[in-house]
Amino acid sequence: MIARVIAIALNTYREAVRARLLLGLFAIALATCGYSLIVASLSLHNELRVIADLGAASISLYGVVVAIVLGSTSLHRELEYKTIFPILSRPLRRWEYIVGKYLGTILTVCVFVSIDAAALFTLLALEAGQTPWKLGAMALVMLGVLAVLGLRARHTRVYVVIPWSAVLAVLAWLVASPAAHERQLVSASAVLALGEVAIVAAIATFFSSFSSPFLTATFTGMIFVIGRSADTLAHLPKKLFGQTIVASGRAMARVLPNLHVYVPPRSLLLGEVATAPVWSYVAAAMVHAIFYVTALLVGSALAFSRRDFS
């Protein structure tokens with residue numbers, strides 16, 4: 001069972017990283033990190049804060065966009081090219097296929113976020129006064145390692161980026177030590193972004209199990225916007241909106257995932273809130289994500305098991 005799920009996940013990852021749209025989003029994300037340097041230069045002694053805030057926001061935004069795009073199109077592409085029929089004709093349960101497609105999407109986003117965060121850590125280190133030769137040496141060594149691995153593993157070169165991106169993020173985190181506070185903010189934001197992306201990808205997987213890519217992207221985008229506004233919906237003023245709208249807003253805030261949890265205030269991410277330690281908050285948020293992901297994947301598996309492909 002595990003081997004079959006992993007095989008589907010790796011195949012989904014391989015197809016995703018070859019998509020031109022994903023490469024375009026990746027380029028835009030890196031360009032946004034570079035643009036943060038320009039915006040930071042216009043601030044008054046707040047360069048590190050601007051880079052960290054803008055970079056963390058871009059990680060969250062582009063991660064969600066990638067999750068919606070992949071979750072909406074991955075399964076439909078299999079149906080369009082009719083490659084799903086020989087796959088499901090093998091001893092593979094439909095729920096294993098759904099879980100594998102979802103894990104492949106998450107794996108792709110993890111690589112995306114790791115490289116984006118590594119670039120942001122490097123910019124923080126550069127702005128904080130880290131020795132330039134250390135940054136240059138790290139970049140050259142990691143690019144050299146990637147080139148060697150790509151040449152030696154010709155048939156699996158697409159997969160070497162997975163561990164390589166994780167190591168790159170860790171090394172970039174280490175060299176960003178002069179900007180310790182902003183480094184913590186980016187680290188916590190990146191982990192929270194993965195939790196939010198996990199929920200958004202699960203929502204997209206749920207709708208794609210029985211709907212078209214356009215409707216999947218539309219519904220997922222709507223739920224994302226509502227989830228980000230959950231706190232506002234739960235506290236609508238009754239005098240202004242009336243009892244019916246207020247009750248509806250509270251109901252949606254209770255049922256739909258509260259994605260506002262994954263964009264906490266800056267003071268909390270910096271550990272300045274004594275009643276809410278940052279990593280305890282992150283752990284609780286990830287438990288919240290696991291609950292919704294599990295429920296959505298169960299719903300996706302049930303819907304996909306009843307789908308007729310004739």
# chains A, B, ... in the order shown; residues from 1 in each chain; ligands from 1
$ residues_around --residues "region 192-208 of chain A" --least-positions-apart "3" --cutoff "7 Å" --atoms "only C-alpha atoms" --output "PDB file with N, CA and C atoms, in the first residue's frame"
ATOM      1  N   SER A  60       3.741  32.592   1.401  1.00  0.00           N
ATOM      2  CA  SER A  60       2.371  32.156   1.649  1.00  0.00           C
ATOM      3  C   SER A  60       1.517  32.289   0.394  1.00  0.00           C
ATOM      4  N   GLY A  63       2.690  29.926  -2.500  1.00  0.00           N
ATOM      5  CA  GLY A  63       2.438  28.546  -2.107  1.00  0.00           C
ATOM      6  C   GLY A  63       0.974  28.172  -2.293  1.00  0.00           C
ATOM      7  N   VAL A  64       0.075  29.072  -1.917  1.00  0.00           N
ATOM      8  CA  VAL A  64      -1.358  28.822  -2.085  1.00  0.00           C
ATOM      9  C   VAL A  64      -1.723  28.756  -3.564  1.00  0.00           C
ATOM     10  N   ALA A  67      -0.642  25.451  -4.934  1.00  0.00           N
ATOM     11  CA  ALA A  67      -1.517  24.381  -4.451  1.00  0.00           C
ATOM     12  C   ALA A  67      -2.835  24.367  -5.212  1.00  0.00           C
ATOM     13  N   ILE A  68      -3.412  25.536  -5.471  1.00  0.00           N
ATOM     14  CA  ILE A  68      -4.677  25.595  -6.208  1.00  0.00           C
ATOM     15  C   ILE A  68      -4.490  25.125  -7.643  1.00  0.00           C
ATOM     16  N   GLY A  71      -3.637  21.263  -7.560  1.00  0.00           N
ATOM     17  CA  GLY A  71      -4.787  20.498  -7.105  1.00  0.00           C
ATOM     18  C   GLY A  71      -5.931  20.504  -8.098  1.00  0.00           C
ATOM     19  N   SER A  72      -6.056  21.587  -8.878  1.00  0.00           N
ATOM     20  CA  SER A  72      -7.157  21.704  -9.833  1.00  0.00           C
ATOM     21  C   SER A  72      -6.886  20.980 -11.149  1.00  0.00           C
ATOM     22  N   LEU A  75      -5.379  15.940 -11.475  1.00  0.00           N
ATOM     23  CA  LEU A  75      -6.270  14.818 -11.733  1.00  0.00           C
ATOM     24  C   LEU A  75      -6.947  14.952 -13.094  1.00  0.00           C
ATOM     25  N   TYR A 102      -2.416  13.751  -3.823  1.00  0.00           N
ATOM     26  CA  TYR A 102      -2.326  14.838  -2.840  1.00  0.00           C
ATOM     27  C   TYR A 102      -0.908  14.973  -2.293  1.00  0.00           C
ATOM     28  N   ILE A 106       1.761  18.146  -2.335  1.00  0.00           N
ATOM     29  CA  ILE A 106       2.414  18.690  -1.139  1.00  0.00           C
ATOM     30  C   ILE A 106       3.937  18.626  -1.282  1.00  0.00           C
ATOM     31  N   ALA A 188       9.075  30.523  11.002  1.00  0.00           N
ATOM     32  CA  ALA A 188       7.725  30.217  11.478  1.00  0.00           C
ATOM     33  C   ALA A 188       6.693  30.460  10.380  1.00  0.00           C
ATOM     34  N   SER A 189       6.871  31.528   9.617  1.00  0.00           N
ATOM     35  CA  SER A 189       5.930  31.827   8.532  1.00  0.00           C
ATOM     36  C   SER A 189       5.960  30.747   7.462  1.00  0.00           C
ATOM     37  N   SER A 211     -15.322  17.325  -9.833  1.00  0.00           N
ATOM     38  CA  SER A 211     -15.664  18.537 -10.560  1.00  0.00           C
ATOM     39  C   SER A 211     -14.613  18.845 -11.620  1.00  0.00           C
ATOM     40  N   SER A 212     -14.874  19.889 -12.392  1.00  0.00           N
ATOM     41  CA  SER A 212     -13.960  20.316 -13.458  1.00  0.00           C
ATOM     42  C   SER A 212     -12.867  21.210 -12.883  1.00  0.00           C
ATOM     43  N   PRO A 213     -11.765  21.413 -13.624  1.00  0.00           N
ATOM     44  CA  PRO A 213     -10.676  22.265 -13.111  1.00  0.00           C
ATOM     45  C   PRO A 213     -11.118  23.696 -12.838  1.00  0.00           C
ATOM     46  N   THR A 216     -13.208  23.701  -9.727  1.00  0.00           N
ATOM     47  CA  THR A 216     -12.340  23.369  -8.589  1.00  0.00           C
ATOM     48  C   THR A 216     -11.540  24.583  -8.151  1.00  0.00           C
ATOM     49  N   ALA A 217     -10.909  25.267  -9.113  1.00  0.00           N
ATOM     50  CA  ALA A 217     -10.124  26.454  -8.783  1.00  0.00           C
ATOM     51  C   ALA A 217     -11.007  27.554  -8.205  1.00  0.00           C
ATOM     52  N   THR A 220     -12.206  26.469  -4.626  1.00  0.00           N
ATOM     53  CA  THR A 220     -11.067  26.496  -3.704  1.00  0.00           C
ATOM     54  C   THR A 220     -10.650  27.924  -3.383  1.00  0.00           C
ATOM     55  N   PHE A 224     -10.735  29.716   0.244  1.00  0.00           N
ATOM     56  CA  PHE A 224      -9.513  30.336   0.769  1.00  0.00           C
ATOM     57  C   PHE A 224      -9.792  31.759   1.252  1.00  0.00           C
ATOM     58  N   LEU A 259      -8.269  29.965   8.106  1.00  0.00           N
ATOM     59  CA  LEU A 259      -6.930  30.134   7.552  1.00  0.00           C
ATOM     60  C   LEU A 259      -6.237  31.383   8.086  1.00  0.00           C
ATOM     61  N   TYR A 262      -3.031  30.991  10.136  1.00  0.00           N
ATOM     62  CA  TYR A 262      -1.716  30.806   9.535  1.00  0.00           C
ATOM     63  C   TYR A 262      -1.047  32.114   9.115  1.00  0.00           C
ATOM     64  N   VAL A 282       2.716  27.383  16.447  1.00  0.00           N
ATOM     65  CA  VAL A 282       2.895  26.710  15.151  1.00  0.00           C
ATOM     66  C   VAL A 282       2.464  25.252  15.247  1.00  0.00           C
ATOM     67  N   MET A 286      -0.504  23.358  13.126  1.00  0.00           N
ATOM     68  CA  MET A 286      -0.293  22.180  12.300  1.00  0.00           C
ATOM     69  C   MET A 286      -1.269  21.060  12.667  1.00  0.00           C
ATOM     70  N   ALA A 289      -4.351  21.877  10.949  1.00  0.00           N
ATOM     71  CA  ALA A 289      -4.250  21.535   9.527  1.00  0.00           C
ATOM     72  C   ALA A 289      -4.434  20.038   9.305  1.00  0.00           C
ATOM     73  N   TYR A 292      -8.209  19.025   9.354  1.00  0.00           N
ATOM     74  CA  TYR A 292      -8.962  19.351   8.144  1.00  0.00           C
ATOM     75  C   TYR A 292      -8.479  18.549   6.942  1.00  0.00           C
ATOM     76  N   VAL A 293      -7.176  18.343   6.837  1.00  0.00           N
ATOM     77  CA  VAL A 293      -6.646  17.562   5.717  1.00  0.00           C
ATOM     78  C   VAL A 293      -7.187  16.140   5.759  1.00  0.00           C
ATOM     79  N   LEU A 296     -10.890  16.147   4.733  1.00  0.00           N
ATOM     80  CA  LEU A 296     -11.069  16.429   3.307  1.00  0.00           C
ATOM     81  C   LEU A 296     -10.607  15.265   2.439  1.00  0.00           C
ATOM     82  N   LEU A 297      -9.523  14.607   2.836  1.00  0.00           N
ATOM     83  CA  LEU A 297      -9.052  13.462   2.050  1.00  0.00           C
ATOM     84  C   LEU A 297     -10.020  12.288   2.147  1.00  0.00           C
ATOM     85  N   GLY A 299     -13.264  12.620   2.504  1.00  0.00           N
ATOM     86  CA  GLY A 299     -14.338  13.018   1.595  1.00  0.00           C
ATOM     87  C   GLY A 299     -13.942  12.867   0.132  1.00  0.00           C
ATOM     88  N   SER A 300     -12.700  13.205  -0.188  1.00  0.00           N
ATOM     89  CA  SER A 300     -12.216  13.061  -1.566  1.00  0.00           C
ATOM     90  C   SER A 300     -12.206  11.601  -1.998  1.00  0.00           C
TER      91      SER A 300
END
$ residues_around --residues "Leu143 (chain A)" --least-positions-apart "5" --cutoff "10 Å" --atoms "only C-alpha atoms" --output "number ranges by chain"
A: 137-138, 148-149, 164, 168
$ atom_distance --atom1 "CA of Leu61 (chain A)" --atom2 "CA of Ala16 (chain A)"
18.3 Å
$ residues_around --residues "Ile115 (chain A)" --least-positions-apart "6" --cutoff "8 Å" --atoms "only C-alpha atoms" --output "PyMOL selection string"
chain A and resi 165-166+168-169
$ atom_distance --atom1 "CA of Leu185 (chain A)" --atom2 "CA of Leu269 (chain A)"
5.1 Å
$ residues_around --residues "Leu135 (chain A)" --least-positions-apart "3" --cutoff "8 Å" --atoms "only C-alpha atoms" --output "MDAnalysis selection string"
chainID A and resid 122 126 130:132 138:139 175
$ residues_around --residues "Leu21 (chain A)" --least-positions-apart "4" --cutoff "9 Å" --atoms "only C-alpha atoms" --output "PyMOL selection string"
chain A and resi 25-26+69
$ atom_distance --atom1 "CA of Met1 (chain A)" --atom2 "CA of Lys101 (chain A)"
14.1 Å
$ residues_around --residues "Ser229 (chain A)" --least-positions-apart "5" --cutoff "10 Å" --atoms "only C-alpha atoms" --output "list in words"
Ile223, Phe224, Ala234, Gly249, Ala253, Asn258, Leu259 and His260 of chain A
$ closest_residue --among "A:Met222, A:Leu233, A:His181, A:Ala118" --to "Glu272 (chain A)" --atoms "only C-alpha atoms"
A:His181
